$ cat query.tsv   # TSV, C-alpha atoms and all ligand atoms
chain	number	residue	atom	x	y	z
Z	15	MET	CA	-10.63	-0.73	-19.02
Z	16	ILE	CA	-10.77	0.37	-15.38
Z	17	ASN	CA	-10.77	4.17	-14.87
Z	18	LYS	CA	-10.91	4.77	-18.65
Z	19	PRO	CA	-11.82	8.49	-18.32
Z	20	ILE	CA	-8.51	9.09	-16.54
Z	21	TYR	CA	-6.62	7.18	-19.24
Z	22	ASP	CA	-8.33	9.33	-21.91
Z	23	GLU	CA	-7.56	12.54	-20.05
Z	24	LEU	CA	-3.92	11.53	-19.65
Z	25	GLN	CA	-3.60	10.66	-23.34
Z	26	GLY	CA	-5.01	14.08	-24.30
Z	27	LYS	CA	-2.78	15.98	-21.87
Z	28	PHE	CA	0.29	13.99	-22.89
Z	29	ARG	CA	-0.21	14.79	-26.57
Z	30	ALA	CA	-0.94	18.45	-25.86
Z	31	HIS	CA	2.14	18.83	-23.65
Z	32	PHE	CA	4.75	16.74	-25.47
Z	33	GLY	CA	3.29	16.91	-28.99
Z	34	ARG	CA	3.49	13.13	-29.42
Z	35	TYR	CA	1.98	9.84	-28.40
Z	36	PRO	CA	3.20	7.80	-25.43
Z	37	GLU	CA	5.02	4.57	-26.26
Z	38	ALA	CA	4.04	2.79	-23.06
Z	39	VAL	CA	1.21	3.37	-20.59
Z	40	ALA	CA	0.75	1.42	-17.37
Z	41	TYR	CA	-1.91	1.44	-14.68
Z	42	ALA	CA	-1.48	0.55	-11.01
Z	43	PRO	CA	-4.12	0.69	-8.27
Z	44	GLY	CA	-4.04	1.74	-4.63
Z	45	ARG	CA	-4.82	-0.84	-1.94
Z	46	VAL	CA	-6.65	-1.49	1.29
Z	47	GLU	CA	-5.08	-3.49	4.05
Z	48	VAL	CA	-7.81	-5.76	5.44
Z	49	LEU	CA	-6.02	-7.62	8.24
Z	50	GLY	CA	-2.36	-7.75	9.32
Z	51	ASN	CA	-1.14	-4.32	10.36
Z	52	HIS	CA	2.62	-3.61	10.37
Z	53	THR	CA	3.26	-7.31	9.88
Z	54	ASP	CA	4.94	-7.01	6.46
Z	55	TYR	CA	8.33	-5.76	7.67
Z	56	ASN	CA	8.08	-8.22	10.57
Z	57	GLU	CA	8.10	-10.99	7.94
Z	58	GLY	CA	4.52	-11.95	8.73
Z	59	PHE	CA	1.20	-12.29	6.92
Z	60	VAL	CA	-1.24	-9.73	5.50
Z	61	LEU	CA	-4.63	-9.86	3.83
Z	62	SER	CA	-5.08	-6.94	1.46
Z	63	ALA	CA	-6.84	-5.99	-1.76
Z	64	ALA	CA	-6.21	-3.73	-4.72
Z	65	ILE	CA	-8.94	-1.09	-5.08
Z	66	ASP	CA	-10.61	0.45	-8.13
Z	67	LEU	CA	-8.74	3.74	-7.75
Z	68	GLY	CA	-5.34	4.02	-9.38
Z	69	THR	CA	-2.73	5.87	-11.40
Z	70	PHE	CA	-1.84	5.82	-15.09
Z	71	PHE	CA	1.75	6.54	-16.15
Z	72	ALA	CA	2.43	7.36	-19.81
Z	73	VAL	CA	5.94	7.59	-21.23
Z	74	ALA	CA	7.88	7.93	-24.50
Z	75	LYS	CA	11.63	7.98	-25.26
Z	76	ASN	CA	13.26	11.29	-26.07
Z	77	ALA	CA	16.47	12.01	-27.94
Z	78	SER	CA	18.38	13.48	-24.99
Z	79	MET	CA	19.49	12.21	-21.57
Z	80	THR	CA	16.94	14.45	-19.87
Z	81	CYS	CA	14.02	12.84	-18.09
Z	82	ARG	CA	10.93	15.08	-18.14
Z	83	LEU	CA	8.19	14.24	-15.69
Z	84	VAL	CA	4.81	15.96	-15.47
Z	85	ALA	CA	2.23	15.58	-12.68
Z	86	GLY	CA	-0.87	15.57	-14.85
Z	87	ASP	CA	-3.21	16.99	-12.18
Z	88	LEU	CA	-1.01	20.05	-11.55
Z	89	MET	CA	0.49	20.16	-15.05
Z	90	ARG	CA	3.80	20.81	-13.34
Z	91	GLU	CA	6.99	19.57	-14.97
Z	92	VAL	CA	10.25	18.58	-13.31
Z	93	THR	CA	13.39	17.30	-15.01
Z	94	PHE	CA	16.45	15.28	-14.05
Z	95	HIS	CA	19.44	13.86	-15.89
Z	96	ALA	CA	19.20	10.12	-16.59
Z	97	GLU	CA	22.76	9.57	-15.31
Z	98	ASP	CA	22.40	11.75	-12.23
Z	99	VAL	CA	19.26	10.82	-10.27
Z	100	ALA	CA	18.95	11.91	-6.65
Z	101	PRO	CA	16.22	12.51	-4.05
Z	102	ALA	CA	14.51	15.89	-4.57
Z	103	SER	CA	13.65	18.24	-1.72
Z	104	SER	CA	11.01	20.21	-3.65
Z	105	ASP	CA	8.07	18.81	-5.62
Z	106	THR	CA	8.65	15.71	-3.54
Z	107	TRP	CA	6.00	13.73	-5.47
Z	108	GLN	CA	8.73	13.18	-8.05
Z	109	ASN	CA	10.74	11.04	-5.63
Z	110	TYR	CA	8.47	8.04	-6.17
Z	111	VAL	CA	9.27	8.15	-9.89
Z	112	ASN	CA	12.90	9.22	-9.58
Z	113	GLY	CA	13.56	6.44	-7.08
Z	114	THR	CA	11.81	3.86	-9.25
Z	115	PHE	CA	13.77	5.01	-12.30
Z	116	ALA	CA	17.02	4.74	-10.30
Z	117	GLY	CA	16.13	1.17	-9.31
Z	118	LEU	CA	15.48	0.19	-12.92
Z	119	ALA	CA	18.58	2.04	-14.14
Z	120	ALA	CA	20.64	-0.13	-11.77
Z	121	LEU	CA	19.40	-3.15	-13.76
Z	122	LYS	CA	19.99	-1.67	-17.20
Z	123	PHE	CA	21.75	1.57	-17.97
Z	124	PRO	CA	19.36	4.01	-19.66
Z	125	ALA	CA	20.50	4.94	-23.17
Z	126	HIS	CA	18.16	7.91	-23.40
Z	127	GLY	CA	15.84	10.10	-21.38
Z	128	PHE	CA	12.05	10.10	-21.39
Z	129	ASP	CA	8.97	12.30	-21.54
Z	130	ALA	CA	6.43	11.13	-18.98
Z	131	MET	CA	3.18	12.18	-17.37
Z	132	PHE	CA	1.02	10.54	-14.71
Z	133	LEU	CA	-2.57	11.01	-13.58
Z	134	GLY	CA	-4.69	9.13	-11.09
Z	135	ASN	CA	-7.55	9.21	-8.62
Z	136	VAL	CA	-6.14	7.65	-5.44
Z	137	PRO	CA	-6.69	10.35	-2.80
Z	138	LEU	CA	-3.35	11.56	-1.41
Z	139	GLY	CA	-2.53	10.98	2.27
Z	140	SER	CA	-5.60	8.77	2.73
Z	141	GLY	CA	-3.74	5.59	3.56
Z	142	LEU	CA	-4.71	4.02	0.23
Z	143	SER	CA	-1.16	3.93	-1.16
Z	144	SER	CA	-1.20	6.57	-3.84
Z	145	SER	CA	2.60	6.42	-3.68
Z	146	ALA	CA	2.77	2.68	-4.47
Z	147	ALA	CA	0.27	3.22	-7.32
Z	148	LEU	CA	2.65	5.81	-8.77
Z	149	GLU	CA	5.77	3.68	-8.25
Z	150	MET	CA	4.23	0.54	-9.74
Z	151	SER	CA	2.66	2.30	-12.75
Z	152	ALA	CA	5.96	4.11	-13.40
Z	153	GLY	CA	7.91	0.90	-12.86
Z	154	LEU	CA	5.85	-1.13	-15.33
Z	155	ALA	CA	5.82	1.58	-18.00
Z	156	LEU	CA	9.54	2.43	-17.68
Z	157	ALA	CA	10.55	-1.26	-17.68
Z	158	LYS	CA	8.58	-1.67	-20.90
Z	159	LEU	CA	10.13	1.46	-22.44
Z	160	TYR	CA	13.70	0.44	-21.61
Z	161	GLY	CA	13.16	-3.28	-22.35
Z	162	ILE	CA	14.01	-4.35	-18.80
Z	163	ALA	CA	12.73	-7.76	-17.71
Z	164	THR	CA	11.21	-7.65	-14.22
Z	165	ASP	CA	8.85	-9.74	-12.14
Z	166	ALA	CA	6.39	-8.63	-9.48
Z	167	VAL	CA	8.71	-9.12	-6.50
Z	168	MET	CA	11.59	-7.30	-8.24
Z	169	LEU	CA	9.33	-4.39	-9.12
Z	170	ALA	CA	7.87	-4.27	-5.62
Z	171	LYS	CA	11.39	-4.16	-4.15
Z	172	ILE	CA	12.34	-1.33	-6.52
Z	173	GLY	CA	9.30	0.64	-5.31
Z	174	GLN	CA	10.18	-0.10	-1.69
Z	175	LYS	CA	13.76	1.10	-2.26
Z	176	ALA	CA	12.37	4.33	-3.71
Z	177	GLU	CA	10.34	4.79	-0.51
Z	178	HIS	CA	13.36	4.06	1.71
Z	179	GLU	CA	15.99	6.07	-0.15
Z	180	TYR	CA	14.00	8.80	-1.90
Z	181	ALA	CA	10.87	9.34	0.24
Z	182	GLY	CA	12.38	8.50	3.65
Z	183	CYS	CA	9.81	5.91	4.76
Z	184	LYS	CA	11.19	2.50	5.80
Z	185	CYS	CA	8.04	0.71	4.64
Z	186	GLY	CA	7.59	-2.99	3.95
Z	187	LEU	CA	6.43	-4.45	0.64
Z	188	LEU	CA	2.70	-4.58	1.31
Z	189	ASP	CA	1.59	-1.63	-0.79
Z	190	GLN	CA	3.61	-2.53	-3.87
Z	191	ILE	CA	2.69	-6.23	-3.81
Z	192	SER	CA	-1.00	-5.45	-3.29
Z	193	SER	CA	-0.96	-3.01	-6.20
Z	194	LEU	CA	0.59	-5.64	-8.47
Z	195	ALA	CA	-1.25	-8.77	-7.34
Z	196	GLY	CA	-4.87	-7.60	-7.01
Z	197	GLN	CA	-7.70	-9.57	-8.55
Z	198	PRO	CA	-11.39	-8.70	-8.78
Z	199	ASN	CA	-13.35	-9.88	-5.74
Z	200	LYS	CA	-10.31	-11.54	-4.19
Z	201	LEU	CA	-8.17	-10.83	-1.17
Z	202	ILE	CA	-4.41	-11.18	-1.47
Z	203	LYS	CA	-2.78	-13.26	1.23
Z	204	THR	CA	0.93	-12.51	1.33
Z	205	ASP	CA	3.61	-14.28	3.31
Z	206	PHE	CA	6.28	-11.60	3.67
Z	207	ARG	CA	9.00	-14.03	4.68
Z	208	ARG	CA	8.71	-16.16	1.57
Z	209	LEU	CA	7.54	-13.18	-0.50
Z	210	ALA	CA	4.83	-15.43	-1.86
Z	211	TYR	CA	1.21	-14.46	-2.36
Z	212	GLU	CA	-2.02	-16.11	-3.33
Z	213	THR	CA	-5.52	-14.77	-3.81
Z	214	ILE	CA	-8.41	-16.05	-1.73
Z	215	GLY	CA	-12.15	-15.54	-2.08
Z	216	MET	CA	-14.13	-13.68	0.53
Z	217	GLY	CA	-17.53	-14.88	-0.64
Z	218	PRO	CA	-19.71	-13.30	-3.33
Z	219	ASP	CA	-21.63	-11.19	-0.86
Z	220	ALA	CA	-18.88	-9.22	0.88
Z	221	CYS	CA	-17.56	-5.77	0.15
Z	222	PHE	CA	-15.80	-2.93	1.95
Z	223	LEU	CA	-16.56	0.62	2.91
Z	224	VAL	CA	-13.40	2.66	2.70
Z	225	CYS	CA	-13.88	5.63	5.01
Z	226	ASP	CA	-11.38	8.42	4.51
Z	227	THR	CA	-11.21	10.38	7.78
Z	228	ARG	CA	-9.56	13.31	5.97
Z	229	ALA	CA	-6.94	13.29	8.75
Z	230	LYS	CA	-3.85	13.35	6.53
Z	231	HIS	CA	-1.33	10.76	7.45
Z	232	THR	CA	2.26	11.20	6.48
Z	233	LEU	CA	4.51	8.25	7.02
Z	234	ALA	CA	7.75	9.96	6.13
Z	235	ASP	CA	7.67	12.07	9.30
Z	236	GLY	CA	9.46	9.43	11.33
Z	237	ALA	CA	6.57	7.93	13.34
Z	238	TYR	CA	6.37	4.88	11.09
Z	239	ASN	CA	10.14	4.42	11.15
Z	240	ARG	CA	10.17	4.61	14.95
Z	241	LEU	CA	7.53	1.87	15.21
Z	242	ARG	CA	9.61	-0.28	12.92
Z	243	GLU	CA	12.67	0.27	15.15
Z	244	SER	CA	10.67	-0.82	18.25
Z	245	CYS	CA	9.70	-4.02	16.45
Z	246	GLU	CA	13.34	-4.69	15.56
Z	247	THR	CA	14.48	-4.04	19.14
Z	248	ALA	CA	11.83	-6.44	20.41
Z	249	ALA	CA	12.78	-9.11	17.84
Z	250	ALA	CA	16.44	-8.90	18.99
Z	251	HIS	CA	15.30	-9.35	22.60
Z	252	PHE	CA	13.16	-12.41	21.81
Z	253	ALA	CA	16.01	-13.86	19.75
Z	254	SER	CA	18.22	-13.66	22.85
Z	255	VAL	CA	15.75	-15.36	25.22
Z	256	LEU	CA	13.90	-17.94	23.10
Z	257	ARG	CA	15.44	-21.30	22.27
Z	258	HIS	CA	14.27	-21.38	18.67
Z	259	PRO	CA	15.62	-19.03	15.98
Z	260	VAL	CA	14.01	-15.58	15.84
Z	261	THR	CA	14.90	-13.33	12.93
Z	262	ALA	CA	11.71	-11.23	13.11
Z	263	LEU	CA	8.57	-10.91	15.24
Z	264	ARG	CA	6.96	-13.42	12.89
Z	265	ASP	CA	8.84	-16.06	14.89
Z	266	VAL	CA	7.30	-15.09	18.24
Z	267	SER	CA	3.88	-16.30	19.46
Z	268	MET	CA	1.57	-14.38	21.80
Z	269	ALA	CA	2.19	-17.08	24.41
Z	270	GLU	CA	5.97	-16.49	24.19
Z	271	TRP	CA	5.45	-12.74	24.26
Z	272	ALA	CA	3.47	-13.06	27.51
Z	273	VAL	CA	6.29	-15.01	29.19
Z	274	TYR	CA	9.30	-13.06	27.91
Z	275	ARG	CA	8.06	-9.51	27.45
Z	276	HIS	CA	9.35	-8.43	30.87
Z	277	GLY	CA	12.88	-8.02	29.59
Z	278	LEU	CA	11.66	-5.13	27.42
Z	279	PRO	CA	10.59	-1.57	28.27
Z	280	VAL	CA	6.77	-1.58	28.59
Z	281	ASP	CA	6.18	0.57	25.51
Z	282	VAL	CA	8.43	-1.59	23.30
Z	283	ALA	CA	6.74	-4.76	24.61
Z	284	ASP	CA	3.32	-3.29	23.80
Z	285	ARG	CA	4.44	-2.30	20.31
Z	286	ALA	CA	5.70	-5.84	19.69
Z	287	ALA	CA	2.41	-7.41	20.80
Z	288	HIS	CA	0.58	-5.74	17.92
Z	289	PRO	CA	2.23	-7.39	14.89
Z	290	ILE	CA	2.49	-10.68	16.82
Z	291	GLY	CA	-1.27	-10.60	17.49
Z	292	GLU	CA	-1.99	-9.43	13.96
Z	293	ASN	CA	-0.13	-12.40	12.49
Z	294	GLU	CA	-2.24	-14.77	14.53
Z	295	ARG	CA	-5.41	-12.89	13.52
Z	296	VAL	CA	-4.57	-13.16	9.81
Z	297	LEU	CA	-4.13	-16.93	10.01
Z	298	LYS	CA	-7.36	-17.25	11.99
Z	299	GLY	CA	-9.13	-14.93	9.54
Z	300	VAL	CA	-8.12	-17.05	6.56
Z	301	LYS	CA	-9.74	-20.07	8.21
Z	302	LEU	CA	-12.92	-18.13	9.01
Z	303	LEU	CA	-13.21	-16.93	5.41
Z	304	ALA	CA	-12.83	-20.51	4.18
Z	305	GLU	CA	-15.72	-21.46	6.48
Z	306	GLY	CA	-17.80	-18.53	5.18
Z	307	ASP	CA	-17.84	-16.89	8.62
Z	308	LEU	CA	-17.79	-13.22	7.64
Z	309	ALA	CA	-19.07	-12.11	11.04
Z	310	GLY	CA	-16.19	-13.92	12.76
Z	311	PHE	CA	-13.76	-12.33	10.33
Z	312	GLY	CA	-15.26	-8.89	11.02
Z	313	ALA	CA	-14.78	-9.37	14.76
Z	314	LEU	CA	-11.05	-9.89	14.09
Z	315	MET	CA	-11.00	-6.55	12.25
Z	316	PHE	CA	-12.42	-4.80	15.33
Z	317	ASP	CA	-9.80	-6.58	17.49
Z	318	SER	CA	-7.10	-5.43	15.10
Z	319	HIS	CA	-8.12	-1.81	15.47
Z	320	GLU	CA	-8.21	-2.10	19.25
Z	321	SER	CA	-4.69	-3.50	19.16
Z	322	SER	CA	-3.54	-0.55	17.01
Z	323	ARG	CA	-5.21	1.90	19.35
Z	324	VAL	CA	-4.06	0.45	22.67
Z	325	LEU	CA	-0.80	-1.33	21.94
Z	326	PHE	CA	0.80	0.06	18.81
Z	327	GLY	CA	-0.23	3.71	19.14
Z	328	ASN	CA	-0.79	4.20	15.42
Z	329	SER	CA	-4.44	5.22	15.58
Z	330	CYS	CA	-5.79	8.75	16.11
Z	331	ASP	CA	-9.06	10.31	17.31
Z	332	GLU	CA	-10.55	10.51	13.83
Z	333	LEU	CA	-9.90	6.84	13.07
Z	334	ASP	CA	-11.20	5.77	16.49
Z	335	ALA	CA	-14.38	7.82	16.01
Z	336	VAL	CA	-15.16	6.07	12.71
Z	337	VAL	CA	-14.50	2.60	14.15
Z	338	GLU	CA	-16.63	3.35	17.23
Z	339	ALA	CA	-19.47	4.66	15.05
Z	340	ALA	CA	-19.16	1.61	12.77
Z	341	LYS	CA	-19.63	-0.73	15.74
Z	342	LYS	CA	-23.11	0.71	16.29
Z	343	ILE	CA	-24.27	0.47	12.69
Z	344	PRO	CA	-26.30	-2.62	11.82
Z	345	GLY	CA	-24.71	-4.48	8.95
Z	346	VAL	CA	-21.12	-3.43	9.68
Z	347	LEU	CA	-19.31	-6.68	10.48
Z	348	GLY	CA	-15.90	-5.23	11.28
Z	349	ALA	CA	-13.81	-2.08	10.92
Z	350	ARG	CA	-10.19	-1.11	11.46
Z	351	LEU	CA	-7.59	1.36	10.34
Z	352	SER	CA	-5.90	0.42	7.08
Z	353	GLY	CA	-2.18	0.89	6.44
Z	354	GLY	CA	0.42	2.85	8.34
Z	355	GLY	CA	-2.04	4.68	10.61
Z	356	PHE	CA	-1.91	8.15	12.23
Z	357	GLY	CA	-4.80	9.23	9.98
Z	358	GLY	CA	-5.97	8.03	6.60
Z	359	SER	CA	-8.77	5.54	6.14
Z	360	VAL	CA	-10.82	2.98	8.00
Z	361	VAL	CA	-11.85	-0.16	6.12
Z	362	ALA	CA	-15.20	-1.66	7.15
Z	363	LEU	CA	-16.58	-5.06	6.10
Z	364	VAL	CA	-20.24	-5.32	5.08
Z	365	HIS	CA	-22.50	-7.63	3.13
Z	366	SER	CA	-23.03	-6.07	-0.31
Z	367	ARG	CA	-26.76	-5.87	0.33
Z	368	ASP	CA	-26.14	-3.64	3.38
Z	369	ALA	CA	-23.45	-1.45	1.82
Z	370	GLU	CA	-25.51	1.58	0.79
Z	371	ILE	CA	-27.52	1.82	4.01
Z	372	ALA	CA	-24.47	1.26	6.22
Z	373	SER	CA	-22.50	3.80	4.22
Z	374	ALA	CA	-25.24	6.44	4.60
Z	375	ALA	CA	-25.49	5.76	8.36
Z	376	LEU	CA	-21.73	5.97	8.82
Z	377	SER	CA	-21.38	9.19	6.88
Z	378	SER	CA	-24.10	10.85	8.92
Z	379	ALA	CA	-22.42	9.69	12.14
Z	380	THR	CA	-18.87	10.85	11.28
Z	381	PRO	CA	-17.36	13.43	8.92
Z	382	CYS	CA	-15.64	10.97	6.59
Z	383	ASP	CA	-15.75	10.37	2.84
Z	384	ILE	CA	-17.03	6.87	2.18
Z	385	ARG	CA	-16.63	4.70	-0.88
Z	386	VAL	CA	-18.03	1.24	-1.40
Z	387	ILE	CA	-15.32	-0.94	-2.88
Z	388	LYS	CA	-14.96	-4.47	-4.13
Z	389	PRO	CA	-11.42	-5.77	-4.53
Z	390	ALA	CA	-10.18	-4.89	-8.02
Z	391	ALA	CA	-7.57	-5.96	-10.57
Z	392	GLY	CA	-3.88	-5.23	-10.07
Z	393	ALA	CA	-1.38	-3.30	-12.17
Z	394	CYS	CA	-0.98	-3.86	-15.91
Z	395	LEU	CA	0.32	-2.31	-19.08
Z	396	ALA	CA	-2.41	-0.61	-21.10
Z	397	GLU	CA	-3.01	-1.78	-24.65
Z	398	LEU	CA	-2.21	1.23	-26.80
Z	399	GLY	CA	-4.08	-0.05	-29.86
Z	400	MET	CA	-4.43	2.10	-32.99
Z	401	ARG	CA	-2.87	5.37	-31.89
Z	402	ASN	CA	-4.92	5.00	-28.71
Z	501	LIG	C1	2.20	1.29	5.15
Z	501	LIG	C2	3.51	0.68	4.64
Z	501	LIG	C3	3.38	-0.84	4.49
Z	501	LIG	C4	2.84	-1.47	5.77
Z	501	LIG	C5	1.61	-0.72	6.29
Z	501	LIG	C6	1.19	-1.17	7.65
Z	501	LIG	O1	1.19	1.13	4.21
Z	501	LIG	O2	3.87	1.26	3.42
Z	501	LIG	O3	4.60	-1.40	4.10
Z	501	LIG	O4	3.84	-1.55	6.73
Z	501	LIG	O5	1.83	0.68	6.37
Z	501	LIG	O6	0.79	-2.51	7.64
$ encode --input "query.tsv" --output "C-alpha cells"
Amino acid sequence: MINKPIYDELQGKFRAHFGRYPEAVAYAPGRVEVLGNHTDYNEGFVLSAAIDLGTFFAVAKNASMTCRLVAGDLMREVTFHAEDVAPASSDTWQNYVNGTFAGLAALKFPAHGFDAMFLGNVPLGSGLSSSAALEMSAGLALAKLYGIATDAVMLAKIGQKAEHEYAGCKCGLLDQISSLAGQPNKLIKTDFRRLAYETIGMGPDACFLVCDTRAKHTLADGAYNRLRESCETAAAHFASVLRHPVTALRDVSMAEWAVYRHGLPVDVADRAAHPIGENERVLKGVKLLAEGDLAGFGALMFDSHESSRVLFGNSCDELDAVVEAAKKIPGVLGARLSGGGFGGSVVALVHSRDAEIASAALSSATPCDIRVIKPAAGACLAELGMRN
C-alpha cells in the first residue's frame, strides 16, 4: 500500500480518539499538472499525473446526526449537523470535507452522522492539490459509508462544487480528475469538454522533479477567479466575431486569436492567448511523447512557463527563478509552473538516470524543496482486512 506509515498512524489516532475502528478508509493523491495550464475550465486539454503523496480519510457511522471531523495532524476536531451543512469561516480546512459531504447528501439523505479523521503528506499551499486529495479521499470514504453509488466524474464534480461554494475558488476539474485517474508511470490526458480521460505512457526513462518554491499560493484570494473571468470575457468576444460556434476558448485557435484579438483590451487578449496556446501545446506534446521525443516535449514545458509569465500573469519571482535555473542544468529537459500559479511548485522533466544529479544542482541553485516523482496510482478505498 502506498504511504502505509500514514495509514497506520491514522488508524492508531482514529482508535485512540474515537475508541473504535473506522468502517471505511479511502486514499487520494495530490497531482502535478505537466502541460495545459488553466485549460480545464476553458474546456480544453491537460496532461497531468497523480503523485505519490496523498491523504487518507477514515470514517465510521455514529448514532447521532452530528458529524465529527478531526484533522489528524493538528488533532483538532470540528463538528456540524448532518442536516445543516454550511461553509465555515474558521478552521477553513473543514470546508473541503463539509462541501463534499453536502454534495453527497444531495444524492442521498444522510440517516446518521459520522466520526471521521484525515491525515496526509501533500504539502499545503504547494500547488500539488492537497485540497483535491482531501475532497476525493473524503468523497470515496463517505460514499462507501452511506452506500451512495458514484463514478469518477460525479465525484470530481462534487469536489469542484465544494471548492466553488465552500472554499471560494472557481476551479476546473483538473485536480479532482487527476487524483482519481492516476496510474503508475502514466500521464493522464483529459479532454475537459467531453470529460473523458485516458492514460498515456511517457517512456520508461522519464520522471519529474517537483520543486516546491515555498512561496505559498492561495487560489481562494480572487486572483484565480479573475483570470477565469478574463477567459470568459474573451470567449464571449470570439463567439461574437468568429463564424463557427465558440462556447469556450477551446474553440479558438492561435491563428484566429491573432486576427481577432484587437476587439479586446490588451490584458484580456493576452490572458486568452495563454490557454489557447496551452491547448495547442498539449496536443503537440501528446504526439511528441508518442514519438519518444522527450526533449521536444520538455521544450513545450519551457514555452508553457514563458506563456504563464508573460501572457497570463500567474507566475511569480520564485517560480521564474527555479525555471531559469532549471534551463541551465544539464539533464533538465523542461520546466514550468504547475497548477494555479502565484507560487507553489515547478515541475521539471528529466531522464530518470539524471534525476539525482539534476535535483542536487537545482537545489543548490535555488532555495526550493525538491522531490523526484514518478506518476503514481489514483484514489482508492483501502482494504480494511482483519481489524486493520
Ligand atoms: C488549479 C485549479 C485547476 C486548474 C489549475 C490550472 O489547480 O484547481 O482546476 O485550473 O489550477 O490549470
$ residues_near_point --input "query.tsv" --point "(-13.7, 7.3, 3.0)" --cutoff "7 Å" --atoms "all atoms listed in the file" --output "list in words"
Val224, Cys225, Asp226, Thr227, Ser359, Cys382, Asp383, Ile384 and Arg385 of chain Z
$ residues_near_ligand --input "query.tsv" --ligand "ligand LIG 501 (chain Z)" --cutoff "8 Å" --atoms "only C-alpha atoms and all ligand atoms" --output "short mmCIF file (atom, residue, chain, number, x, y, z; two decimals) with C-alpha atoms, keeping the file's coordinate frame"
data_model
loop_
_atom_site.label_atom_id
_atom_site.label_comp_id
_atom_site.auth_asym_id
_atom_site.auth_seq_id
_atom_site.Cartn_x
_atom_site.Cartn_y
_atom_site.Cartn_z
CA GLU Z 47 -5.08 -3.49 4.05
CA GLY Z 50 -2.36 -7.75 9.32
CA ASN Z 51 -1.14 -4.32 10.36
CA HIS Z 52 2.62 -3.61 10.37
CA THR Z 53 3.26 -7.31 9.88
CA ASP Z 54 4.94 -7.01 6.46
CA TYR Z 55 8.33 -5.76 7.67
CA VAL Z 60 -1.24 -9.73 5.50
CA GLY Z 141 -3.74 5.59 3.56
CA LEU Z 142 -4.71 4.02 0.23
CA SER Z 143 -1.16 3.93 -1.16
CA CYS Z 183 9.81 5.91 4.76
CA LYS Z 184 11.19 2.50 5.80
CA CYS Z 185 8.04 0.71 4.64
CA GLY Z 186 7.59 -2.99 3.95
CA LEU Z 187 6.43 -4.45 0.64
CA LEU Z 188 2.70 -4.58 1.31
CA ASP Z 189 1.59 -1.63 -0.79
CA LEU Z 233 4.51 8.25 7.02
CA TYR Z 238 6.37 4.88 11.09
CA SER Z 352 -5.90 0.42 7.08
CA GLY Z 353 -2.18 0.89 6.44
CA GLY Z 354 0.42 2.85 8.34
CA GLY Z 355 -2.04 4.68 10.61
#
$ closest_residue --input "query.tsv" --among "Z:Ala248, Z:Ala369, Z:Val266, Z:Val73" --to "Z:Pro279" --atoms "only C-alpha atoms"
Z:Ala248
$ axis_aligned_box --input "query.tsv" --around "stretch 123-140 of chain Z" --padding-each-side "6 Å" --output "AutoDock Vina command-line options"
--center_x 7.1 --center_y 6.9 --center_z -10.3 --size_x 41.3 --size_y 22.7 --size_z 38.1
$ residues_around --input "query.tsv" --residues "Z:Tyr211" --least-positions-apart "2" --cutoff "12 Å" --atoms "all atoms listed in the file" --output "JSON, numbers by chain"
{"Z": [58, 59, 60, 61, 62, 63, 166, 167, 187, 188, 191, 192, 194, 195, 196, 197, 201, 202, 203, 204, 205, 206, 207, 208, 209, 213, 214]}
$ residues_near_point --input "query.tsv" --point "(16.2, -13.6, 12.8)" --cutoff "12 Å" --atoms "all atoms listed in the file" --output "MDAnalysis selection string"
chainID Z and resid 56:57 207 246:254 256 258:266
$ atom_distance --input "query.tsv" --atom1 "atom CA of Z:Arg285" --atom2 "atom CA of Z:Leu241"
7.3 Å
$ residues_around --input "query.tsv" --residues "Z:Val273" --least-positions-apart "2" --cutoff "12 Å" --atoms "all atoms listed in the file" --output "ChimeraX atom specification"
/Z:252,255-256,266-271,275-278,283,287
$ write_last_selection --input "query.tsv" --atoms "C-alpha atoms" --output "mmCIF file, in the frame of the given file"
data_model
loop_
_atom_site.group_PDB
_atom_site.id
_atom_site.type_symbol
_atom_site.label_atom_id
_atom_site.label_comp_id
_atom_site.auth_asym_id
_atom_site.auth_seq_id
_atom_site.Cartn_x
_atom_site.Cartn_y
_atom_site.Cartn_z
ATOM 1 C CA PHE Z 252 13.160 -12.410 21.810
ATOM 2 C CA VAL Z 255 15.750 -15.360 25.220
ATOM 3 C CA LEU Z 256 13.900 -17.940 23.100
ATOM 4 C CA VAL Z 266 7.300 -15.090 18.240
ATOM 5 C CA SER Z 267 3.880 -16.300 19.460
ATOM 6 C CA MET Z 268 1.570 -14.380 21.800
ATOM 7 C CA ALA Z 269 2.190 -17.080 24.410
ATOM 8 C CA GLU Z 270 5.970 -16.490 24.190
ATOM 9 C CA TRP Z 271 5.450 -12.740 24.260
ATOM 10 C CA ARG Z 275 8.060 -9.510 27.450
ATOM 11 C CA HIS Z 276 9.350 -8.430 30.870
ATOM 12 C CA GLY Z 277 12.880 -8.020 29.590
ATOM 13 C CA LEU Z 278 11.660 -5.130 27.420
ATOM 14 C CA ALA Z 283 6.740 -4.760 24.610
ATOM 15 C CA ALA Z 287 2.410 -7.410 20.800
#
$ residues_around --input "query.tsv" --residues "Z:Thr164" --least-positions-apart "2" --cutoff "12 Å" --atoms "only C-alpha atoms" --output "list in words"
Gly117, Leu118, Leu121, Lys122, Met150, Gly153, Leu154, Ala155, Leu156, Ala157, Lys158, Tyr160, Gly161, Ile162, Ala166, Val167, Met168, Leu169, Ala170, Lys171 and Ile172 of chain Z
$ write_last_selection --input "query.tsv" --atoms "C-alpha atoms" --output "compact mmCIF listing (two decimals), in the coordinates of the input"
# COMPACT_ATOMS: atom_id res chain seq x y z
CA GLY Z 117 16.13 1.17 -9.31
CA LEU Z 118 15.48 0.19 -12.92
CA LEU Z 121 19.40 -3.15 -13.76
CA LYS Z 122 19.99 -1.67 -17.20
CA MET Z 150 4.23 0.54 -9.74
CA GLY Z 153 7.91 0.90 -12.86
CA LEU Z 154 5.85 -1.13 -15.33
CA ALA Z 155 5.82 1.58 -18.00
CA LEU Z 156 9.54 2.43 -17.68
CA ALA Z 157 10.55 -1.26 -17.68
CA LYS Z 158 8.58 -1.67 -20.90
CA TYR Z 160 13.70 0.44 -21.61
CA GLY Z 161 13.16 -3.28 -22.35
CA ILE Z 162 14.01 -4.35 -18.80
CA ALA Z 166 6.39 -8.63 -9.48
CA VAL Z 167 8.71 -9.12 -6.50
CA MET Z 168 11.59 -7.30 -8.24
CA LEU Z 169 9.33 -4.39 -9.12
CA ALA Z 170 7.87 -4.27 -5.62
CA LYS Z 171 11.39 -4.16 -4.15
CA ILE Z 172 12.34 -1.33 -6.52
